[in-house]
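Enquirer: Have a look at the structure that comes next, please.
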Amino acid sequence: MERNWKLTATQIVNELSLEEKAKLLSQIVWETTDIKKIHKDLKKFLLADGPAGIRRLKEYFDEDIYNTKPSTCYPSPSTYASSWNRTLVHRLGEYMGKEARQEEVDTMLAPAVNMKRSPLGGRNFEYYSEDPYLTGELAAEFIKGIQKEGVGACLKHFAANNQETRRMNICAEIEEEALHEVYLSAFEKPVKEGCPQMVMMGYNQVNGEFCASNPKLLQILRKEWGYKGVIVTDCYAAHNLGQGIRHGLTLQMPGESESRIVERVVELIEHGEITEAQLDEAVQHNILFALEAGAVRNETGNVSCEYNREEHHKFARELAEESMVLLQNKDSILPLHKQSSILVTGELAVHPRFQGGGSSHVNPWKLEIPLEELKKYGKQVEYLPGYKIEGTVQENQELCQEVLEKASEYEIVVVFAGLPDLIESEGYDRASIEMPTEQNHLIEKLAEQGCRVVVVLSNGSVVEMPWREKTAAILESYLGGEAGASAIARILFGEVNPSGKLAETFPICLEDNPSFLYFPGNKTRVTYGEGRFVGYKQYAALKKPTAFPFGHGLSYTEYEYHIGEVSKARVEVTVKNTGERAGKEKTVSVELDKKAFMRYHTECHSWMIENSVYEISVGSSVLDIRFREHIAIQGNLPVITADSNLGDLLQIEGMYTRLEQVLKEHPVSLGFLVMTQDEDPLKSVSMGSLMTLNTLKRVDDTLSDSDIDMILKLELS
Ligand code: BGC
């Protein structure tokens with residue numbers, strides 16, 4: 001099937017004039033140019049945003065990006081990443097795919113898999129995690145789910161688009177090791193296994209080149225990972241179109257006007273910046289995409305899918321229930337008893353915060369209200385505002401006072417707290433991770449007064465919780481989407497057992513975050529000084545205390561871990577529910593592919609497995625490790641040069657005997673080799689293993705360049 005389309009695409013390209021081809025390189029806002037006019041077999045295709053739901057504008061040329069058709073608002077990606085559940089995220093893709101088809105959307109501009117490098121990142125709520133492995137696993141399933149429904153996914157923003165501050169010009173300066181191991185890693189599996197129909201390049205620069213024309217990034221996509229689909233710019237971000245096309249870029253979104261793009265392409269060809277063959281190649285990708293999208297529409301009819309909105313709403317709830325994270329639960333205060341007298345306070349209980357701002361914003365089909373949902377379960381639930389998000393200082397003091405006076409009449413006080421809409425949005429980063437003062441004050445005072453306080457947080461990314469030790473329970477509900485309220489109620493009253501686990505670290509304070517000293521850089525560049533120690537990798541390595549570690553999440557029941565197979569290929573753990581409440585019980589099997597043991601080596605610009613002993617840890621969070629096992633792995637040969645030392649050379653099997661053979665004519669050097677075997681570390685390590693070949697040459701008159709060459713060749717023999 002695909003082969004036929006490819007052939008047709010090639011035939012169409014051959015029939016087009018240069019001007020027509022140029023027009024096919026550019027989107028007009030959300031749609032392609034009317035390509036039917038260009039060729040009778042092509043229909044224009046439509047793009048729409050959406051990691052948390054379909055953002056289909058009512059009018060495609062509307063400047064109000066919030067004027068969208070109603071659709072299911074699912075929990076934000078930062079929420080559902082805490083489910084750590086591939087199957088569920090795959091189903092989410094299918095649900096969104098169905099909605100996209102109904103809205104005649106050909107491609108959804110999702111998922112977004114940039115790393116949460118700093119808690120201040122303005123779009124953290126749209127991203128999955130600070131860990132590239134978890135991110136890649138979930139994003140690959142999301143893509144497969146969407147594309148199963150015949151709708152394309154667009155993986156974005158490639159790569160290292162980790163901040164909103166100066167996002168359109170900032171240059172991310174990242175050492176190769178961190179770039180590959182962290183920032184590119186998150187994209188690799190989604191590209192190779194998810195096979196998205198599009199990949200969107202980031203706005204920013206990486207190591208001196210804008211993403212959309214970055215030879216290295218484009219080459220990794222096209223050559224190393226073999227990506228065959230459409231590569232699109234972020235909005236208006238085709239900085240160097242010629243260089244981009246030369247390396248694999250195919251589409252500008254939205255692009256220049258038809259006349260401008262034609263002029264530009266003619267110029268690029270005239271100046272020899274691109275060849276017509278390179279232009280054809282780019283256009284062919286777009287045509288192939290248009291043909292495939294058209295074929296899906298023909299097969300399924302135009303309004304191709306009528307989804308059941310109620311069923312989608314229920315799924316949004318299921319997803320939220322599996323994702324919310326119970327951070328703290330002292331003396332098992334939760335679940336709440338239905339008969340308890342409960343005071344609910346905080347404006348967010350009646351005006352919930354359920355999604356982030358910017359291009360992922362959707363117009364929810366049916367928004368639930370937390371207070372109403374709580375009243376469905378609790379018999380004695382009452383509400384007082386406690387604070388207003390936009391209230392004046394005096395108004396908030398009065399509201400707080402009112403709650404403090406009445407709180408002692410109730411067994412439990414549930415405070416809805418979190419971040420206001422304006423704090424978390426695309427387009428700018430957060431200034432701090434503090435919560436609004438009036439909310440902190442309310443919680444603090446209630447706790448000091450001896451109330452049993454349960455805090456329900458609504459925020460898209462981490463917050464500081466100065467009051468955390470004084471409160472009884474904390475439920476991180478994140479941004480739960482349109483059905484988040486019933487998910488909260490069902491978790492609080494124990495209808496559902498909380499099972500979310502943090503996909504990011506909650507630091508005690510912002511200054512603890514590894515990127516703190518570097519983020520967001522100066523006017524032109526940002527140095528990724530923490531290297532590959534992003535998020536929990538640094539907290540764990542430095543044993544730095546955190547408020548809540550990566551992977552943390554409590555439950556109403558208890559689990560025991562039983563270790564099964566641990567090998568180079570797999571780790572198997574059976575998790576058994578040993579508590580009194582129903583919870584999930586399962587066998588978790590993690591496949592360990594070669595990549596699990598690989599590190600990126602800057603010296604040879606490639607991934608390698610080092611000969612070493614590796615530790616495999618199994619735990620319920622990075623701080624709660626229940627089991628460790630060590631396995632020795634025979635890896636690649638170390639990279640050997642004349643500046644390598646004897647210790648590294650001797651890691652190669654059989655090397656001692658071979659070296660002994662060559663050095664027998666050079667007694668001084670031989671002496672150092674023999675020392676590597678001495679029991680005294682001063683001799684074996686310090687005098688033997690640390691000597692480099694070049695140092696030996698200086699110490700030993702008899703050793704020449706050709707002897708060193710011979711030794712280097714031994715490595716290969
Ligand atoms: C965002 C993309 C989004 C696009 C279209 C850009 O500003 O960075 O994520 O897909 O707008 O809305």
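If you're wondering about the labels, chains in the structure tokens are A, B, ... by order shown, residues count from 1 in each chain, ligands from 1 in order shown.
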Identify, on the basis of only C-alpha atoms, every residue whose closest approach to Gln11 of chain A does not exceed 12 Å; exclude the query and any residue fewer than 2 positions from it along the same chain; express the result as a ChimeraX atom specification.
Expert: /A:4-9,13-16,39,41,280,283-284,287-288
Enquirer: Neighbours of Ala238 of chain A within 8 Å (only C-alpha atoms; same-chain residues fewer than 6 positions away dropped), as a PyMOL selection string?
Expert: chain A and resi 212-213+244+252
Enquirer: Would you save the residues from that selection as a short mmCIF file (atom, residue, chain, number, x, y, z; two decimals), in the first residue's frame, using N, CA, C and O atoms?
Expert:
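This is the output file selection.cif:
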```cif
data_model
loop_
_atom_site.label_atom_id
_atom_site.label_comp_id
_atom_site.auth_asym_id
_atom_site.auth_seq_id
_atom_site.Cartn_x
_atom_site.Cartn_y
_atom_site.Cartn_z
N ALA A 212 15.31 24.00 13.23
CA ALA A 212 14.69 23.65 11.94
C ALA A 212 15.69 23.56 10.80
O ALA A 212 15.36 23.05 9.72
N SER A 213 16.90 24.05 11.04
CA SER A 213 17.92 23.91 9.99
C SER A 213 19.23 23.39 10.60
O SER A 213 20.30 23.65 10.10
N GLY A 244 17.84 23.86 5.92
CA GLY A 244 16.87 22.90 6.46
C GLY A 244 16.52 21.85 5.41
O GLY A 244 16.60 20.65 5.66
N GLN A 252 6.99 24.18 6.23
CA GLN A 252 6.94 25.32 7.15
C GLN A 252 5.53 25.43 7.70
O GLN A 252 4.58 25.36 6.95
#
```
Enquirer: Could the residues of chain A that have an atom at most 7 Å from ligand 1 be listed as a Markdown table, each with its closest atom pair and the distance in Å to one decimal, counting only C-alpha atoms and all ligand atoms and ordered by chain and ascending residue number?
Expert:
```
| residue | atom | partner | partner_atom_place_in_ligand_line | distance |
| --- | --- | --- | --- | --- |
| A:Asp49 | CA | ligand 1 | 10 (O) | 5.3 |
| A:Leu109 | CA | ligand 1 | 10 (O) | 5.2 |
| A:Lys156 | CA | ligand 1 | 9 (O) | 6.9 |
| A:His157 | CA | ligand 1 | 9 (O) | 7.0 |
| A:Asp234 | CA | ligand 1 | 6 (C) | 5.8 |
| A:Cys235 | CA | ligand 1 | 6 (C) | 5.4 |
| A:Ser359 | CA | ligand 1 | 12 (O) | 4.6 |
```
Enquirer: Counting only C-alpha atoms, which residues of segment 64-182 of chain A fall within 9 Å of segment 324-340 of chain A, and what is the closest atom pair for each with its distance in Å at one decimal, ordered by chain and rising number, as JSON lines?
Expert:
```
{"residue": "A:Thr79", "atom": "CA", "partner": "A:Met324", "partner_atom": "CA", "distance": 6.8}
{"residue": "A:Tyr80", "atom": "CA", "partner": "A:Met324", "partner_atom": "CA", "distance": 8.0}
{"residue": "A:Ser82", "atom": "CA", "partner": "A:Met324", "partner_atom": "CA", "distance": 7.0}
{"residue": "A:Ser83", "atom": "CA", "partner": "A:Met324", "partner_atom": "CA", "distance": 7.7}
```
Enquirer: With a distance cut-off of 12 Å and only C-alpha atoms, select the neighbouring residues of Asp705 of chain A, excluding the residue or stretch itself and same-chain residues fewer than 5 positions from it, and output the selection as a ChimeraX atom specification.
Expert: /A:642,693-698,700,710-712
Enquirer: Could you write out the selected residues, including C-alpha atoms, as an mmCIF file, in the first residue's frame?
Expert:
```
data_model
loop_
_atom_site.group_PDB
_atom_site.id
_atom_site.type_symbol
_atom_site.label_atom_id
_atom_site.label_comp_id
_atom_site.auth_asym_id
_atom_site.auth_seq_id
_atom_site.Cartn_x
_atom_site.Cartn_y
_atom_site.Cartn_z
ATOM 1 C CA ALA A 642 48.538 6.939 22.641
ATOM 2 C CA LEU A 693 51.711 5.031 26.360
ATOM 3 C CA ASN A 694 53.047 8.506 25.600
ATOM 4 C CA THR A 695 54.409 8.817 29.149
ATOM 5 C CA LEU A 696 56.167 5.471 28.800
ATOM 6 C CA LYS A 697 57.784 6.771 25.627
ATOM 7 C CA ARG A 698 59.199 9.711 27.565
ATOM 8 C CA ASP A 700 61.791 4.760 28.296
ATOM 9 C CA MET A 710 52.327 -1.499 17.118
ATOM 10 C CA ILE A 711 50.721 -1.473 20.580
ATOM 11 C CA LEU A 712 47.729 0.450 19.265
#
```
Enquirer: From a backbone DSSP assignment, name each residue in segment 486-533 of chain A labelled strand (DSSP E or B), as a VMD selection string.
Expert: chain A and resid 506 525 to 527
Enquirer: For the residues in that selection, give me N, CA and C atoms as a PDB file, in the first residue's frame.
Expert:
```pdb
ATOM      1  N   PHE A 506       9.941  16.583  43.365  1.00  0.00           N
ATOM      2  CA  PHE A 506       9.509  17.817  44.025  1.00  0.00           C
ATOM      3  C   PHE A 506      10.632  18.232  44.971  1.00  0.00           C
ATOM      4  N   ARG A 525      22.139  32.824  25.121  1.00  0.00           N
ATOM      5  CA  ARG A 525      22.384  31.380  25.261  1.00  0.00           C
ATOM      6  C   ARG A 525      22.150  30.880  26.680  1.00  0.00           C
ATOM      7  N   VAL A 526      21.892  29.589  26.759  1.00  0.00           N
ATOM      8  CA  VAL A 526      21.700  28.952  28.058  1.00  0.00           C
ATOM      9  C   VAL A 526      22.609  27.721  28.101  1.00  0.00           C
ATOM     10  N   THR A 527      23.455  27.660  29.127  1.00  0.00           N
ATOM     11  CA  THR A 527      24.387  26.547  29.240  1.00  0.00           C
ATOM     12  C   THR A 527      23.750  25.447  30.071  1.00  0.00           C
TER      13      THR A 527
END
```
Enquirer: Record the distance separating atom CA of Tyr559 of chain A and atom CA of Thr574 of chain A, expressed in Å with one decimal.
Expert: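 Value for the atom CA of Tyr559 of chain A-atom CA of Thr574 of chain A distance: 9.7 Å.
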Enquirer: Excluding Tyr561 of chain A and its own-chain neighbours fewer than 2 positions away, which residues fall within 8 Å of it when counting only C-alpha atoms? Please give them as a list in words.
Expert: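 Residues meeting the cut-off are Tyr559, Ile563, Val573, Thr574, Val575, Lys576 and Arg626 of chain A.
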Enquirer: Any chance you can output those residues with N, CA, C and O atoms as a CSV table (one decimal), in the first residue's frame?
Expert:
```csv
chain,number,residue,atom,x,y,z
A,559,TYR,N,2.3,-2.9,49.6
A,559,TYR,CA,2.7,-3.9,48.6
A,559,TYR,C,4.1,-4.5,49.1
A,559,TYR,O,4.9,-3.8,49.6
A,563,ILE,N,11.3,-10.4,43.9
A,563,ILE,CA,12.1,-10.3,42.7
A,563,ILE,C,12.1,-11.7,42.0
A,563,ILE,O,12.4,-12.7,42.6
A,573,VAL,N,9.6,-8.4,38.5
A,573,VAL,CA,9.2,-8.2,39.9
A,573,VAL,C,7.7,-8.5,40.1
A,573,VAL,O,6.9,-8.0,39.3
A,574,THR,N,7.4,-9.3,41.1
A,574,THR,CA,6.0,-9.4,41.4
A,574,THR,C,5.6,-8.5,42.5
A,574,THR,O,6.3,-8.6,43.6
A,575,VAL,N,4.6,-7.7,42.3
A,575,VAL,CA,4.2,-6.8,43.3
A,575,VAL,C,2.9,-7.3,43.9
A,575,VAL,O,1.9,-7.5,43.2
A,576,LYS,N,3.0,-7.6,45.2
A,576,LYS,CA,1.8,-8.3,45.9
A,576,LYS,C,1.2,-7.4,46.9
A,576,LYS,O,1.8,-6.8,47.7
A,626,ARG,N,14.2,-1.3,47.0
A,626,ARG,CA,13.9,-2.5,47.8
A,626,ARG,C,14.9,-3.6,47.5
A,626,ARG,O,15.0,-4.6,48.1
```
Enquirer: If we count only C-alpha atoms, what is near Tyr518 of chain A at a cut-off of 12 Å, once residues fewer than 3 positions away on the same chain are taken out, given as a CSV table (one decimal) with C-alpha atoms, in the first residue's frame?
Expert:
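File written: around.csv
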```
chain,number,residue,atom,x,y,z
A,117,ARG,CA,14.9,20.4,32.9
A,118,SER,CA,13.8,23.1,35.4
A,120,LEU,CA,10.3,26.8,36.1
A,163,GLN,CA,12.3,26.8,28.3
A,172,ALA,CA,20.9,25.7,24.2
A,173,GLU,CA,24.5,24.8,24.7
A,174,ILE,CA,24.7,21.2,25.7
A,511,GLU,CA,17.6,26.3,44.5
A,513,ASN,CA,17.3,21.9,41.4
A,514,PRO,CA,20.3,20.9,39.3
A,515,SER,CA,19.7,23.5,36.6
A,521,GLY,CA,20.6,31.7,30.6
A,522,ASN,CA,21.4,35.2,29.3
A,525,ARG,CA,22.4,31.4,25.3
A,526,VAL,CA,21.7,29.0,28.1
A,527,THR,CA,24.4,26.5,29.2
A,528,TYR,CA,23.2,23.1,30.3
A,529,GLY,CA,25.9,23.1,33.1
A,530,GLU,CA,24.3,20.2,35.0
A,531,GLY,CA,25.0,17.9,32.0
```
Enquirer: Which residue is closest to Pro498 of chain A? Choose from A:Tyr387, A:Tyr556, A:Phe210, A:Phe533 and count only C-alpha atoms.
Expert: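 Between A:Tyr387, A:Tyr556, A:Phe210, A:Phe533, the residue approaching Pro498 of chain A most closely is A:Tyr556.
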Enquirer: Taking the backbone alone, and naming residues the way the document does, which bits of segment 566-661 of chain A are helix (DSSP H, G or I) by DSSP, as a ChimeraX atom specification?
Expert: /A:594-597,602-604,646-649,655-661
Enquirer: Take the selection from the previous step and output its residues with N, CA and C atoms, as a compact mmCIF listing (two decimals), in the first residue's frame.
Expert:
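Printed below is part.txt as written:
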```
# COMPACT_ATOMS: atom_id res chain seq x y z
N LYS A 594 19.93 -3.27 24.77
CA LYS A 594 21.34 -2.86 24.84
C LYS A 594 21.47 -1.43 25.37
N LYS A 595 20.50 -0.59 24.96
CA LYS A 595 20.56 0.83 25.32
C LYS A 595 20.57 1.02 26.85
N ALA A 596 19.96 0.06 27.56
CA ALA A 596 19.89 0.20 29.02
C ALA A 596 21.28 0.27 29.64
N PHE A 597 22.27 -0.30 28.98
CA PHE A 597 23.62 -0.32 29.55
C PHE A 597 24.57 0.63 28.83
N THR A 602 31.63 10.89 24.04
CA THR A 602 31.94 12.04 23.21
C THR A 602 33.20 11.79 22.37
N GLU A 603 34.16 11.05 22.95
CA GLU A 603 35.43 10.84 22.22
C GLU A 603 35.21 10.13 20.89
N CYS A 604 34.25 9.20 20.85
CA CYS A 604 34.07 8.49 19.58
C CYS A 604 32.71 8.82 18.95
N LEU A 646 47.75 2.32 30.87
CA LEU A 646 47.85 0.86 30.85
C LEU A 646 46.61 0.21 31.45
N GLY A 647 46.06 0.84 32.49
CA GLY A 647 44.87 0.28 33.15
C GLY A 647 43.74 0.09 32.14
N ASP A 648 43.48 1.09 31.31
CA ASP A 648 42.40 0.98 30.32
C ASP A 648 42.75 -0.03 29.24
N LEU A 649 44.02 -0.04 28.85
CA LEU A 649 44.43 -1.02 27.83
C LEU A 649 44.22 -2.45 28.31
N MET A 655 45.16 -8.76 26.75
CA MET A 655 46.07 -7.67 26.41
C MET A 655 47.39 -7.76 27.17
N TYR A 656 47.34 -8.30 28.41
CA TYR A 656 48.58 -8.34 29.20
C TYR A 656 49.64 -9.15 28.45
N THR A 657 49.28 -10.33 27.99
CA THR A 657 50.25 -11.20 27.33
C THR A 657 50.76 -10.55 26.05
N ARG A 658 49.83 -9.91 25.32
CA ARG A 658 50.25 -9.30 24.06
C ARG A 658 51.22 -8.14 24.31
N LEU A 659 50.92 -7.34 25.36
CA LEU A 659 51.81 -6.22 25.68
C LEU A 659 53.18 -6.72 26.15
N GLU A 660 53.12 -7.77 26.95
CA GLU A 660 54.36 -8.36 27.49
C GLU A 660 55.29 -8.73 26.34
N GLN A 661 54.67 -9.27 25.31
CA GLN A 661 55.39 -9.71 24.13
C GLN A 661 56.11 -8.52 23.46
```
Enquirer: Grab the atom CA of Lys501 of chain A to atom CA of Gly551 of chain A distance for me, in Å with one decimal place.
Expert: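 Computed distance, atom CA of Lys501 of chain A to atom CA of Gly551 of chain A, equals 5.0 Å.
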Enquirer: Let me make sure I understand: among A:Glu258, A:Lys116, A:Gly346, A:Val362, which one has the smallest atom-to-atom distance to Ala52 of chain A if we use only C-alpha atoms?
Expert: A:Val362
Enquirer: If you count only C-alpha atoms, which residues fall within 10 Å of Lys58 of chain A, apart from same-chain ones fewer than 4 positions away, as a PyMOL selection string?
Expert: chain A and resi 62+64-70
Enquirer: Find the residues around Arg468 of chain A up to 10 Å (only C-alpha atoms counted), leave out those fewer than 6 positions away in its own chain, and share them as a list in words.
Expert: Leu327, Gln328, Ile443, Glu444, Ala447, Val455, Ile474, Ile508 and Ala547 of chain A
Enquirer: Export, as a PDB file, in the first residue's frame, the selected residues with N, CA, C and O atoms.
Expert:
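The resulting file, selection.pdb, is reproduced below:
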```
ATOM      1  N   LEU A 327       0.653  12.180  47.966  1.00  0.00           N
ATOM      2  CA  LEU A 327       2.012  12.503  48.409  1.00  0.00           C
ATOM      3  C   LEU A 327       2.210  12.200  49.887  1.00  0.00           C
ATOM      4  O   LEU A 327       3.288  11.815  50.316  1.00  0.00           O
ATOM      5  N   GLN A 328       1.173  12.399  50.660  1.00  0.00           N
ATOM      6  CA  GLN A 328       1.312  12.240  52.115  1.00  0.00           C
ATOM      7  C   GLN A 328      -0.016  11.778  52.688  1.00  0.00           C
ATOM      8  O   GLN A 328      -1.064  12.220  52.230  1.00  0.00           O
ATOM      9  N   ILE A 443      -3.347  27.503  54.720  1.00  0.00           N
ATOM     10  CA  ILE A 443      -2.994  26.125  55.101  1.00  0.00           C
ATOM     11  C   ILE A 443      -2.186  26.136  56.404  1.00  0.00           C
ATOM     12  O   ILE A 443      -2.462  25.379  57.345  1.00  0.00           O
ATOM     13  N   GLU A 444      -1.201  27.010  56.432  1.00  0.00           N
ATOM     14  CA  GLU A 444      -0.313  27.118  57.605  1.00  0.00           C
ATOM     15  C   GLU A 444      -1.133  27.391  58.880  1.00  0.00           C
ATOM     16  O   GLU A 444      -0.965  26.718  59.889  1.00  0.00           O
ATOM     17  N   ALA A 447      -3.315  24.483  60.031  1.00  0.00           N
ATOM     18  CA  ALA A 447      -2.517  23.413  60.636  1.00  0.00           C
ATOM     19  C   ALA A 447      -2.053  23.820  62.033  1.00  0.00           C
ATOM     20  O   ALA A 447      -2.133  23.037  62.979  1.00  0.00           O
ATOM     21  N   VAL A 455      -4.712  18.608  51.963  1.00  0.00           N
ATOM     22  CA  VAL A 455      -4.528  19.580  50.875  1.00  0.00           C
ATOM     23  C   VAL A 455      -4.679  18.863  49.539  1.00  0.00           C
ATOM     24  O   VAL A 455      -4.081  17.806  49.317  1.00  0.00           O
ATOM     25  N   ILE A 474      -1.695  15.084  51.594  1.00  0.00           N
ATOM     26  CA  ILE A 474      -1.573  15.918  50.383  1.00  0.00           C
ATOM     27  C   ILE A 474      -1.852  15.035  49.173  1.00  0.00           C
ATOM     28  O   ILE A 474      -1.195  14.003  48.982  1.00  0.00           O
ATOM     29  N   ILE A 508      12.798  20.519  47.731  1.00  0.00           N
ATOM     30  CA  ILE A 508      12.362  21.275  48.911  1.00  0.00           C
ATOM     31  C   ILE A 508      12.241  22.748  48.516  1.00  0.00           C
ATOM     32  O   ILE A 508      11.291  23.420  48.850  1.00  0.00           O
ATOM     33  N   ALA A 547      11.541  17.129  48.736  1.00  0.00           N
ATOM     34  CA  ALA A 547      10.237  17.106  49.399  1.00  0.00           C
ATOM     35  C   ALA A 547       9.581  15.762  49.085  1.00  0.00           C
ATOM     36  O   ALA A 547       9.119  15.046  49.975  1.00  0.00           O
TER      37      ALA A 547
END
```
Enquirer: Please determine, counting only C-alpha atoms, which residue among A:Val496, A:Leu703, A:Ile491, A:Ala22 has the shortest atom-to-atom distance to Ala582 of chain A.
Expert: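 Closest to Ala582 of chain A, using only C-alpha atoms: A:Val496.
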Enquirer: I need the residue nearest Lys376 of chain A from this list: A:Cys154, A:Val685, A:Ala485, A:Ile652. Use only C-alpha atoms for the distance.
Expert: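 Between A:Cys154, A:Val685, A:Ala485, A:Ile652, the residue approaching Lys376 of chain A most closely is A:Ala485.
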